[in-house]
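Right, one structure below, let's go through it.
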There are 4 protein chains.
Amino acid sequence: MAGSYYGNLFKITTWGESHGKGVGVVLDGCPAGVLLDEKVIQKCLDRRKPGQDPYQTPRKESDQVEILSGVFEGKTTGTPISMVVYNHTQRSGDYKEIASYYRPGHGDYTYDAKYGFRDYRGGGRSSGRETIGRVAAGAVALQILKELKISVTAYVTKIGPVEAEKRDLTQIEKNPFRMPDGDSAQKAKEYLEQCIREGDSTGGVIECEVTGIPAGLGDPVFEKLDANLAKALMSIGGVKAVEIGDGCKVGENKGSENNDAFVRMDGKISKASNHAGGILAGISDGSNLILRATIKGTPSIHKKQRTVNREQEEIEIEIGGRHDPVIMPRAVPVVEAMTALTLVDALLQNMTARLDGILTFYER
Amino acid sequence: MAGSYYGNLFKITTWGESHGKGVGVVLDGCPAGVLLDEKVIQKCLDRRKPGQDPYQTPRKESDQVEILSGVFEGKTTGTPISMVVYNHTQRSGDYKEIASYYRPGHGDYTYDAKYGFRDYRGGGRSSGRETIGRVAAGAVALQILKELKISVTAYVTKIGPVEAEKRDLTQIEKNPFRMPDGDSAQKAKEYLEQCIREGDSTGGVIECEVTGIPAGLGDPVFEKLDANLAKALMSIGGVKAVEIGDGCKVGENKGSENNDAFVRMDGKISKASNHAGGILAGISDGSNLILRATIKGTPSIHKKQRTVNREQEEIEIEIGGRHDPVIMPRAVPVVEAMTALTLVDALLQNMTARLDGILTFYER
Amino acid sequence: MAGSYYGNLFKITTWGESHGKGVGVVLDGCPAGVLLDEKVIQKCLDRRKPGQDPYQTPRKESDQVEILSGVFEGKTTGTPISMVVYNHTQRSGDYKEIASYYRPGHGDYTYDAKYGFRDYRGGGRSSGRETIGRVAAGAVALQILKELKISVTAYVTKIGPVEAEKRDLTQIEKNPFRMPDGDSAQKAKEYLEQCIREGDSTGGVIECEVTGIPAGLGDPVFEKLDANLAKALMSIGGVKAVEIGDGCKVGENKGSENNDAFVRMDGKISKASNHAGGILAGISDGSNLILRATIKGTPSIHKKQRTVNREQEEIEIEIGGRHDPVIMPRAVPVVEAMTALTLVDALLQNMTARLDGILTFYER
Amino acid sequence: MAGSYYGNLFKITTWGESHGKGVGVVLDGCPAGVLLDEKVIQKCLDRRKPGQDPYQTPRKESDQVEILSGVFEGKTTGTPISMVVYNHTQRSGDYKEIASYYRPGHGDYTYDAKYGFRDYRGGGRSSGRETIGRVAAGAVALQILKELKISVTAYVTKIGPVEAEKRDLTQIEKNPFRMPDGDSAQKAKEYLEQCIREGDSTGGVIECEVTGIPAGLGDPVFEKLDANLAKALMSIGGVKAVEIGDGCKVGENKGSENNDAFVRMDGKISKASNHAGGILAGISDGSNLILRATIKGTPSIHKKQRTVNREQEEIEIEIGGRHDPVIMPRAVPVVEAMTALTLVDALLQNMTARLDGILTFYER
């Protein structure tokens, strides 16, 4: 039942509800000696916070993080790092109506079915606000990866029917959709404005590329790197598909079309192509990781919808308020966070794979 | 590093290599009182074993399972159930050549990168033979699900370009491809024979449908049912994409196209459609679960390929022997097993979700 | 490395340092529907807080707890319960001296050896203040046990050479030492005053009795109830021995002296004696649990001591300030908390032991 | 419910019943490159097996171990190591009587209470035979510790009233009681013969000393080294008390009597005494570890005893057959195994404690 834990050696617990006192995370197992202050964390949270542009929910939250433990004299101490973001908007009143029925596509019904009742204010625990804890802990993971010269970059490759046609990473922060292709971003804008006019939302795809990853990460046969990344991404609200490398395309391909030839490059073993997305038999092969998560359009739409209320009567509803018509841009830092958390855990676990590595470590 | 464990309360450990003495599994946490004998297990294993028809590797293995512990007087005792299948084909000699180079698309290189060396005989631990332990333990999970009137049925919906056009579950065991559509199976046969002639293999898709599942399974925010199912399926060799419900399609859809209206049906809350695939906010909603795994064509192809040997020299290879040109039909029981294991674990964990349930339990 | 986690289904993470911003805990896996507010928690914390009487450190801390999540309309929601106690005394200055050397009997040296440096302020993470999180989460566990009519009562049975001669539980809160025997408490007082005059501290023993526990808790062979209780108690700072039932005495006894005869009592199977302390083969037998933890005298004494500083020079030190000369009375609620946390986890896990119980549960 | 798992990174699962087909263990997370064959394992098992001398059960079992996986060309591969010992004595008939009643001091009643029925043959899973899996996996752990120049030595320090007066480790294997003191062993022999004549058994104490352990092992505040060792030892059948260092004695001592002064020795920080038993604040301090487990006299005695049968009638029984009147000598290798397993896990986990260590590792 304890479902708010993630990771084995580098382990987080997120907590908090959308309209409770706050949200937060405890990160345990962070190595001692990582340079850390609130600015490092804040930078990541700011990319996730609401109201960054007109295409997002205008909820006013500064999302200021406070580190409560685990850091001393500017460095992590190896003890748990507790981080909190207090909520400023706690208007329960607005949600009294939602309390009485089950919004389609949301967790209202399933939370009730499981727990017998629910904190209905803004979705409670099933709100996207829960990801604040993930992003805060992910910021620490990204800091560690940086020391290891590993980069994690996510971006939006698809908004409804609009697909990014190139991967120009310099474009990502230059458009409100975090697309790596300015032209596509422009088309996405048009499509999105149409969705908004219709009171609708749109799905899309986030891709994530990781560079600098060593070969050897992942522990067959269940703690495979791709298996853990799939869980990591699928645990993000709204994600309905996860792909590695060529992903769904391999279903149509022949074996010869997927196999990546090994070659020598710069005196090292490398691959001539990367259909595998950097993972073979569940272990990283040293090529870039390529992951993709497909996210559904946020279910909070303004169109009239049928549903059932707590008294099990069929009713028609129209959800008011303003909601993100497109969630992908704000989910980009969440994908990066979950990827980073998974990678740091895999990196730590991999240190114990060989006796010679252990002997060298303890001979220090 | 301990990666051969799966599950929390209903927990398995698989062991064994393709050409070692055998493969097996220990299942711990199985409730006492489940009727069990070797026939129940064997039936599942027989669907997985090689040589069932001309489209599979002709390796001769009877894959006879033996239960070594945890069952007494025909019932599980609540203690660990150890099951073993001894290997009969242990021809190390055949693999000496493979020992010297890295087969594209296989784990040869990554195992070496991680562990410093590898059991190269038939892929060692990365062989599909490892899944025998999964299927054996999955058979016990399926037995428990049956008692709860939950069914798990997987089938092949795509082989290369050939897609099943209907879901007629009575067809599944009537064609060698386990497709729920006889006509498509016929087309698949033709496509596959072409692949074989070319010395190539083909990818495809397995879908899995679960009926009878109660609402309430899954533990947000990381032990979500879909997150765990994604991990379960992605941990199967060759899987490159996992989808829930409408899966990748939601990336092109609007919110209004994904939202399933809640309705009353037979006096209970139900859904008018099932785009969600039976899971909302990570918790089962009582509708059927719909999962899909895309699998790459087996990388063991007969075409000439470039690669690198252990001395890091670039070479050309041609892999001999006979291999499955299509792995999906034999992977069907593996998908069912991993789904069943994940569901039983979720069912057990869900028993502790509410105080009233706990009080009732202990008042017995 | 992630060591601040405890429990499997009912799982806590404590965080915080003695002189950081605060200390706290996240409790995940708490069943929905438990009546809970801050008063319930505060009552337990007040028994642990410093300055309750002249025999304790006079550090001024009100130890006010705040619940930040997981409770809605007075009941737990099944989502993580985050609780925080902010520190008011954060005087780093006082500890500059301690920063430079290793206090005997404390964790100063070992934390440095492990992490490379340490938060030296008041012992940082190794401070007894860390147990606030345990007591707060334990209060929730005790609340659940109360619903199940299970009571957990700890008390001090030994302070240095003074042993409690009876177990009169009504006496526990009537003397500052939480001894179940007023006369012994008087003798302990005299002994303790002598210790204080000498600038010394004293060890002792805490016993814990649990009534109302059903038979069947504990999961052989590693998650045995006694094994987990041993870990739970040994994880409390200063504990050097853990005993179950007759404990160390069984080393001198014959088998016939330990065996408890089974008898019928009130129409149920019971035991004529309880040498076993309520646990047989790692599973509760329905009798009362009897546990004991032996705690060393707090190492912060005023006597002159030899030690080594960070420059590895041998020096003589005299630790100033005022410290608890006897830690047992304040550790009583900590022992109760750790016992309660362990029991709730065992109770939840035990719900899945039998198929018939599972079938009944899901037929609801 | 899954209770047959131990360890986090270096993880074992034991399985098997006393009179089932066999007993065994799967060890997952063993680093690649450890030299291993069956002889290494067998040597440890031979010290545990029955019938080594007249003071032990004469059950005939050769306890021959077979390694089924995870070893290739004489070295561990990093994949799961499955080991099995087949039972030769599977006489169910002998146990029909035991099936009908609950032996005092045994797990018969508690297993029935938990699981609804039990494998009654020879105690089933609660038999001491279960420890074969622990010793087999422990042998691998000891092999790794040897490479790190860490030694683990257990011995019997007390048999009933007879205490070893010295710790001469060269004596351990020279007497049937594994006492480190020949004279005490002689007295123990006399005491034991008296117990046998009376149809009784005797309790005692096993001590374990670990040398060569680096400072820094153990992860506060729940994965403390002493907490995990307490669990490890308390999980062994019959253990009722666990002590670290001065153990129970600290309850009578003053702080000044327990504090170990830090000193410089051979250019390193060391301690002038070792009351702490090598662990401070849950982390190893570089001194020798000193652990003690008190074990009760085996409950299978020949004296007449009262008990209750499955029909809940009170009866008198006399247990026939021949049983170990003293279990400590055979438990010595089990204590060593559990200690070794715990230490290897702590060593692996400790590798991730500091960023600098991680950076160095990945710069290789």
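Quick note on naming: the chains in the structure tokens go A, B, ... in the order shown, residues restart at 1 in each chain, and ligands are numbered from 1 in order of appearance.
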
### Query
Can you list, as a list in words, every protein, DNA or RNA residue that comes within 10 Å of Tyr111 (chain C) when you count only C-alpha atoms, leaving out same-chain residues fewer than 4 positions away?
Thr77 and Gly78 of chain A; His106, Gly107, Tyr115, Gly116, Phe117, Arg118, Asp119, Tyr120, Gly123, Gly124, Arg125 and Ser126 of chain C; Ala215, Gly216, Leu217, Asp219, Pro220, Leu280, Ala281, Gly282, Ile283, Ser284 and Asp285 of chain D

### Task
Output the contact residues of chain C with respect to chain B at a cut-off of 7 Å, based on only C-alpha atoms, as JSON, numbers by chain.
{"C": [31, 32, 33, 34, 78, 148, 348, 352, 353, 354, 355, 359]}

Emit the selected residues as a PDB file, in the first residue's frame, including N, CA, C and O atoms.
```
ATOM      1  N   PRO C  31      -3.544   3.042   6.353  1.00  0.00           N
ATOM      2  CA  PRO C  31      -4.876   2.801   5.816  1.00  0.00           C
ATOM      3  C   PRO C  31      -5.751   4.057   5.903  1.00  0.00           C
ATOM      4  O   PRO C  31      -5.582   4.873   6.815  1.00  0.00           O
ATOM      5  N   ALA C  32      -6.662   4.189   4.967  1.00  0.00           N
ATOM      6  CA  ALA C  32      -7.617   5.297   4.997  1.00  0.00           C
ATOM      7  C   ALA C  32      -8.629   5.063   6.108  1.00  0.00           C
ATOM      8  O   ALA C  32      -8.991   3.928   6.407  1.00  0.00           O
ATOM      9  N   GLY C  33      -9.080   6.162   6.721  1.00  0.00           N
ATOM     10  CA  GLY C  33     -10.174   6.054   7.682  1.00  0.00           C
ATOM     11  C   GLY C  33      -9.772   6.074   9.142  1.00  0.00           C
ATOM     12  O   GLY C  33     -10.621   5.926  10.015  1.00  0.00           O
ATOM     13  N   VAL C  34      -8.493   6.284   9.432  1.00  0.00           N
ATOM     14  CA  VAL C  34      -8.060   6.372  10.827  1.00  0.00           C
ATOM     15  C   VAL C  34      -8.313   7.798  11.324  1.00  0.00           C
ATOM     16  O   VAL C  34      -7.860   8.762  10.701  1.00  0.00           O
ATOM     17  N   GLY C  78      -5.288   7.611   3.254  1.00  0.00           N
ATOM     18  CA  GLY C  78      -4.564   6.541   2.572  1.00  0.00           C
ATOM     19  C   GLY C  78      -3.338   7.043   1.830  1.00  0.00           C
ATOM     20  O   GLY C  78      -2.555   6.261   1.310  1.00  0.00           O
ATOM     21  N   LEU C 148      -7.866  -2.150  17.155  1.00  0.00           N
ATOM     22  CA  LEU C 148      -7.825  -3.614  17.143  1.00  0.00           C
ATOM     23  C   LEU C 148      -7.724  -4.181  18.559  1.00  0.00           C
ATOM     24  O   LEU C 148      -7.509  -5.378  18.748  1.00  0.00           O
ATOM     25  N   LEU C 348      -0.696  -6.010   8.840  1.00  0.00           N
ATOM     26  CA  LEU C 348      -1.094  -5.804   7.446  1.00  0.00           C
ATOM     27  C   LEU C 348      -0.570  -6.944   6.568  1.00  0.00           C
ATOM     28  O   LEU C 348      -1.297  -7.487   5.740  1.00  0.00           O
ATOM     29  N   THR C 352      -2.530 -11.348   4.104  1.00  0.00           N
ATOM     30  CA  THR C 352      -2.424 -12.035   2.816  1.00  0.00           C
ATOM     31  C   THR C 352      -1.925 -13.469   2.962  1.00  0.00           C
ATOM     32  O   THR C 352      -1.574 -14.099   1.970  1.00  0.00           O
ATOM     33  N   ALA C 353      -1.938 -13.995   4.183  1.00  0.00           N
ATOM     34  CA  ALA C 353      -1.318 -15.307   4.402  1.00  0.00           C
ATOM     35  C   ALA C 353      -2.118 -16.477   3.861  1.00  0.00           C
ATOM     36  O   ALA C 353      -1.567 -17.545   3.618  1.00  0.00           O
ATOM     37  N   ARG C 354      -3.418 -16.296   3.702  1.00  0.00           N
ATOM     38  CA  ARG C 354      -4.242 -17.438   3.305  1.00  0.00           C
ATOM     39  C   ARG C 354      -5.185 -17.092   2.177  1.00  0.00           C
ATOM     40  O   ARG C 354      -5.809 -16.024   2.178  1.00  0.00           O
ATOM     41  N   LEU C 355      -5.363 -18.019   1.276  1.00  0.00           N
ATOM     42  CA  LEU C 355      -6.282 -17.812   0.159  1.00  0.00           C
ATOM     43  C   LEU C 355      -7.700 -17.569   0.659  1.00  0.00           C
ATOM     44  O   LEU C 355      -8.402 -16.683   0.141  1.00  0.00           O
ATOM     45  N   LEU C 359     -10.091 -14.487  -0.502  1.00  0.00           N
ATOM     46  CA  LEU C 359     -11.379 -14.658  -1.187  1.00  0.00           C
ATOM     47  C   LEU C 359     -12.495 -13.964  -0.421  1.00  0.00           C
ATOM     48  O   LEU C 359     -13.333 -13.274  -1.008  1.00  0.00           O
TER      49      LEU C 359
END
```

### Task
For region 240-256 of chain B, list every protein, DNA or RNA residue within 6 Å, evaluated using only C-alpha atoms, and leave out those in the same chain fewer than 5 positions away; present the list as a PyMOL selection string.
(chain A and resi 160-161+201-205+240-244+247-248+294-299) or (chain B and resi 230+275-277+290-295)

### Task
Please identify all polymer residues within 8 Å of region 178-180 of chain B, counting only C-alpha atoms, omitting same-chain residues fewer than 3 positions from it, and present them as number ranges by chain.
B: 155-157, 164, 166-175, 184-185, 329, 332

### Task
Could you tell me, as a ChimeraX atom specification, which residues of region 28-242 of chain D DSSP assigns to strand (DSSP E or B) when given the backbone?
/D:28,32,35,65-67,71-72,75-76,81-86,101,151-159,162-163,202,204-211,219,223,239-242

Using only C-alpha atoms, please write the residues we just selected to a file, as a PDB file, in the first residue's frame.
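Saved as part26.pdb:
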```pdb
ATOM      1  CA  ASP D  28      21.096 -12.667  -6.206  1.00  0.00           C
ATOM      2  CA  ALA D  32      30.831 -11.101 -10.787  1.00  0.00           C
ATOM      3  CA  LEU D  35      36.024 -17.749  -7.414  1.00  0.00           C
ATOM      4  CA  VAL D  65      25.260 -29.094  -2.339  1.00  0.00           C
ATOM      5  CA  GLU D  66      24.858 -28.570  -6.064  1.00  0.00           C
ATOM      6  CA  ILE D  67      25.303 -25.192  -7.769  1.00  0.00           C
ATOM      7  CA  VAL D  71      28.837 -19.704 -11.975  1.00  0.00           C
ATOM      8  CA  PHE D  72      30.742 -20.066 -15.250  1.00  0.00           C
ATOM      9  CA  LYS D  75      33.690 -17.690 -11.301  1.00  0.00           C
ATOM     10  CA  THR D  76      30.422 -16.035 -10.378  1.00  0.00           C
ATOM     11  CA  ILE D  81      23.381 -18.397  -7.883  1.00  0.00           C
ATOM     12  CA  SER D  82      20.926 -21.206  -7.237  1.00  0.00           C
ATOM     13  CA  MET D  83      22.068 -23.917  -4.837  1.00  0.00           C
ATOM     14  CA  VAL D  84      20.206 -27.043  -3.818  1.00  0.00           C
ATOM     15  CA  VAL D  85      20.660 -29.826  -1.265  1.00  0.00           C
ATOM     16  CA  TYR D  86      18.330 -32.743  -1.849  1.00  0.00           C
ATOM     17  CA  TYR D 101      -0.870 -32.150  18.340  1.00  0.00           C
ATOM     18  CA  SER D 151      37.344 -12.696   9.123  1.00  0.00           C
ATOM     19  CA  VAL D 152      34.191 -13.896  10.848  1.00  0.00           C
ATOM     20  CA  THR D 153      34.561 -16.403  13.679  1.00  0.00           C
ATOM     21  CA  ALA D 154      31.782 -17.694  15.892  1.00  0.00           C
ATOM     22  CA  TYR D 155      32.110 -20.029  18.866  1.00  0.00           C
ATOM     23  CA  VAL D 156      30.099 -21.251  21.816  1.00  0.00           C
ATOM     24  CA  THR D 157      30.775 -19.340  25.027  1.00  0.00           C
ATOM     25  CA  LYS D 158      28.131 -20.867  27.233  1.00  0.00           C
ATOM     26  CA  ILE D 159      26.360 -24.202  27.555  1.00  0.00           C
ATOM     27  CA  VAL D 162      29.182 -23.636  31.895  1.00  0.00           C
ATOM     28  CA  GLU D 163      30.895 -20.516  30.547  1.00  0.00           C
ATOM     29  CA  THR D 202      20.225 -27.117  27.236  1.00  0.00           C
ATOM     30  CA  GLY D 204      23.623 -21.533  25.609  1.00  0.00           C
ATOM     31  CA  VAL D 205      25.359 -18.610  23.965  1.00  0.00           C
ATOM     32  CA  ILE D 206      27.218 -18.142  20.712  1.00  0.00           C
ATOM     33  CA  GLU D 207      29.615 -15.249  20.322  1.00  0.00           C
ATOM     34  CA  CYS D 208      30.902 -13.967  17.013  1.00  0.00           C
ATOM     35  CA  GLU D 209      33.974 -11.866  16.401  1.00  0.00           C
ATOM     36  CA  VAL D 210      34.683 -10.032  13.172  1.00  0.00           C
ATOM     37  CA  THR D 211      38.138  -8.665  12.434  1.00  0.00           C
ATOM     38  CA  ASP D 219      23.242   3.231   7.317  1.00  0.00           C
ATOM     39  CA  GLU D 223      19.730   0.262   8.490  1.00  0.00           C
ATOM     40  CA  VAL D 239      17.586 -17.270  19.496  1.00  0.00           C
ATOM     41  CA  LYS D 240      15.948 -15.238  22.299  1.00  0.00           C
ATOM     42  CA  ALA D 241      18.520 -12.483  22.898  1.00  0.00           C
ATOM     43  CA  VAL D 242      21.073 -10.566  20.859  1.00  0.00           C
TER      44      VAL D 242
END
```

### Message
Give me, as a PyMOL selection string, all polymer residues having an atom no more than 9 Å from Ile236 (chain C), counting only C-alpha atoms and skipping those fewer than 4 positions away in the same chain.
### Response
(chain C and resi 128+131+231-232+295+331+334-335+338) or (chain D and resi 221-222+227)

Hey, what does DSSP flag as alpha helix (DSSP H) within region 81-239 of chain C? Can you give it to me as a CSV table (one decimal) with N, CA and C atoms, in the first residue's frame?
```
chain,number,residue,atom,x,y,z
C,108,ASP,N,30.3,10.7,16.3
C,108,ASP,CA,31.1,11.7,15.6
C,108,ASP,C,32.1,11.1,14.7
C,109,TYR,N,32.9,10.2,15.2
C,109,TYR,CA,33.9,9.6,14.4
C,109,TYR,C,33.4,8.7,13.3
C,110,THR,N,32.4,7.9,13.6
C,110,THR,CA,31.9,7.0,12.5
C,110,THR,C,31.2,7.8,11.4
C,111,TYR,N,30.5,8.9,11.8
C,111,TYR,CA,29.8,9.7,10.7
C,111,TYR,C,30.9,10.3,9.8
C,112,ASP,N,32.0,10.8,10.4
C,112,ASP,CA,33.1,11.3,9.6
C,112,ASP,C,33.7,10.2,8.7
C,113,ALA,N,33.9,9.1,9.3
C,113,ALA,CA,34.5,8.0,8.6
C,113,ALA,C,33.7,7.6,7.4
C,114,LYS,N,32.4,7.6,7.6
C,114,LYS,CA,31.5,7.2,6.5
C,114,LYS,C,31.3,8.3,5.4
C,115,TYR,N,30.9,9.5,5.9
C,115,TYR,CA,30.5,10.5,5.0
C,115,TYR,C,31.6,11.6,4.6
C,131,THR,N,14.4,10.7,16.9
C,131,THR,CA,13.3,9.8,17.3
C,131,THR,C,11.9,10.5,17.3
C,132,ILE,N,11.9,11.8,17.2
C,132,ILE,CA,10.6,12.5,17.1
C,132,ILE,C,9.8,12.0,16.0
C,133,GLY,N,10.4,11.8,14.9
C,133,GLY,CA,9.7,11.3,13.7
C,133,GLY,C,9.1,9.9,14.0
C,134,ARG,N,9.9,9.1,14.7
C,134,ARG,CA,9.5,7.7,15.0
C,134,ARG,C,8.2,7.8,15.9
C,135,VAL,N,8.3,8.7,16.9
C,135,VAL,CA,7.2,8.7,17.9
C,135,VAL,C,6.0,9.3,17.2
C,136,ALA,N,6.1,10.2,16.3
C,136,ALA,CA,5.0,10.8,15.6
C,136,ALA,C,4.3,9.7,14.8
C,137,ALA,N,5.1,9.0,14.0
C,137,ALA,CA,4.5,7.9,13.2
C,137,ALA,C,3.9,6.8,14.1
C,138,GLY,N,4.7,6.5,15.2
C,138,GLY,CA,4.2,5.5,16.1
C,138,GLY,C,2.9,5.8,16.7
C,139,ALA,N,2.6,7.1,16.9
C,139,ALA,CA,1.3,7.5,17.5
C,139,ALA,C,0.2,7.1,16.6
C,140,VAL,N,0.4,7.1,15.2
C,140,VAL,CA,-0.6,6.7,14.3
C,140,VAL,C,-0.8,5.2,14.4
C,141,ALA,N,0.4,4.5,14.5
C,141,ALA,CA,0.3,3.0,14.6
C,141,ALA,C,-0.4,2.6,15.9
C,142,LEU,N,-0.2,3.3,17.0
C,142,LEU,CA,-0.8,3.0,18.2
C,142,LEU,C,-2.3,3.3,18.1
C,143,GLN,N,-2.7,4.3,17.4
C,143,GLN,CA,-4.1,4.6,17.1
C,143,GLN,C,-4.8,3.4,16.4
C,144,ILE,N,-4.1,2.8,15.4
C,144,ILE,CA,-4.7,1.7,14.7
C,144,ILE,C,-4.7,0.5,15.6
C,145,LEU,N,-3.7,0.2,16.4
C,145,LEU,CA,-3.7,-0.9,17.3
C,145,LEU,C,-4.8,-0.8,18.3
C,146,LYS,N,-5.1,0.4,18.8
C,146,LYS,CA,-6.2,0.6,19.7
C,146,LYS,C,-7.5,0.2,19.1
C,147,GLU,N,-7.7,0.5,17.8
C,147,GLU,CA,-8.9,0.0,17.2
C,147,GLU,C,-9.0,-1.5,17.2
C,182,GLY,N,6.9,1.9,42.5
C,182,GLY,CA,7.3,3.1,43.1
C,182,GLY,C,8.5,3.1,44.0
C,183,ASP,N,8.7,2.0,44.7
C,183,ASP,CA,9.8,1.8,45.6
C,183,ASP,C,11.1,1.8,44.8
C,184,SER,N,11.1,1.1,43.8
C,184,SER,CA,12.4,1.0,43.0
C,184,SER,C,12.7,2.4,42.4
C,185,ALA,N,11.6,3.1,42.0
C,185,ALA,CA,11.8,4.4,41.4
C,185,ALA,C,12.5,5.3,42.5
C,186,GLN,N,12.1,5.2,43.7
C,186,GLN,CA,12.8,6.0,44.8
C,186,GLN,C,14.2,5.6,44.9
C,187,LYS,N,14.5,4.4,44.8
C,187,LYS,CA,16.0,3.9,44.9
C,187,LYS,C,16.7,4.4,43.7
C,188,ALA,N,16.0,4.4,42.5
C,188,ALA,CA,16.7,4.8,41.3
C,188,ALA,C,17.0,6.3,41.4
C,189,LYS,N,16.1,7.1,42.0
C,189,LYS,CA,16.3,8.5,42.2
C,189,LYS,C,17.6,8.7,43.0
C,190,GLU,N,17.8,8.0,44.0
C,190,GLU,CA,19.0,8.1,44.8
C,190,GLU,C,20.3,7.8,44.0
C,191,TYR,N,20.2,6.7,43.3
C,191,TYR,CA,21.3,6.3,42.5
C,191,TYR,C,21.7,7.3,41.4
C,192,LEU,N,20.6,7.8,40.8
C,192,LEU,CA,20.8,8.8,39.8
C,192,LEU,C,21.4,10.1,40.3
C,193,GLU,N,21.0,10.5,41.4
C,193,GLU,CA,21.6,11.7,42.0
C,193,GLU,C,23.1,11.6,42.3
C,194,GLN,N,23.4,10.4,42.6
C,194,GLN,CA,24.8,10.1,42.8
C,194,GLN,C,25.6,10.2,41.5
C,195,CYS,N,25.0,9.6,40.5
C,195,CYS,CA,25.6,9.7,39.1
C,195,CYS,C,25.8,11.1,38.7
C,196,ILE,N,24.8,12.0,38.9
C,196,ILE,CA,24.8,13.4,38.5
C,196,ILE,C,26.0,14.1,39.3
C,197,ARG,N,26.0,13.8,40.5
C,197,ARG,CA,27.1,14.4,41.3
C,197,ARG,C,28.5,14.0,40.8
C,225,LEU,N,8.6,-12.2,13.5
C,225,LEU,CA,8.2,-11.1,14.3
C,225,LEU,C,9.3,-10.7,15.3
C,226,ASP,N,9.9,-11.7,15.9
C,226,ASP,CA,11.0,-11.4,16.9
C,226,ASP,C,12.2,-10.7,16.1
C,227,ALA,N,12.5,-11.2,14.9
C,227,ALA,CA,13.6,-10.6,14.2
C,227,ALA,C,13.4,-9.2,13.9
C,228,ASN,N,12.1,-8.9,13.5
C,228,ASN,CA,11.9,-7.5,13.1
C,228,ASN,C,11.8,-6.6,14.4
C,229,LEU,N,11.3,-7.1,15.5
C,229,LEU,CA,11.3,-6.4,16.7
C,229,LEU,C,12.7,-6.1,17.2
C,230,ALA,N,13.6,-7.1,17.0
C,230,ALA,CA,14.9,-6.9,17.4
C,230,ALA,C,15.6,-5.8,16.6
C,231,LYS,N,15.3,-5.8,15.4
C,231,LYS,CA,15.9,-4.7,14.5
C,231,LYS,C,15.3,-3.4,15.0
C,232,ALA,N,14.0,-3.4,15.2
C,232,ALA,CA,13.3,-2.1,15.6
C,232,ALA,C,13.9,-1.5,16.8
C,233,LEU,N,14.1,-2.4,17.8
C,233,LEU,CA,14.6,-1.8,19.1
C,233,LEU,C,16.1,-1.5,19.0
C,234,MET,N,16.9,-2.4,18.3
C,234,MET,CA,18.3,-2.1,18.2
C,234,MET,C,18.6,-0.9,17.4
```
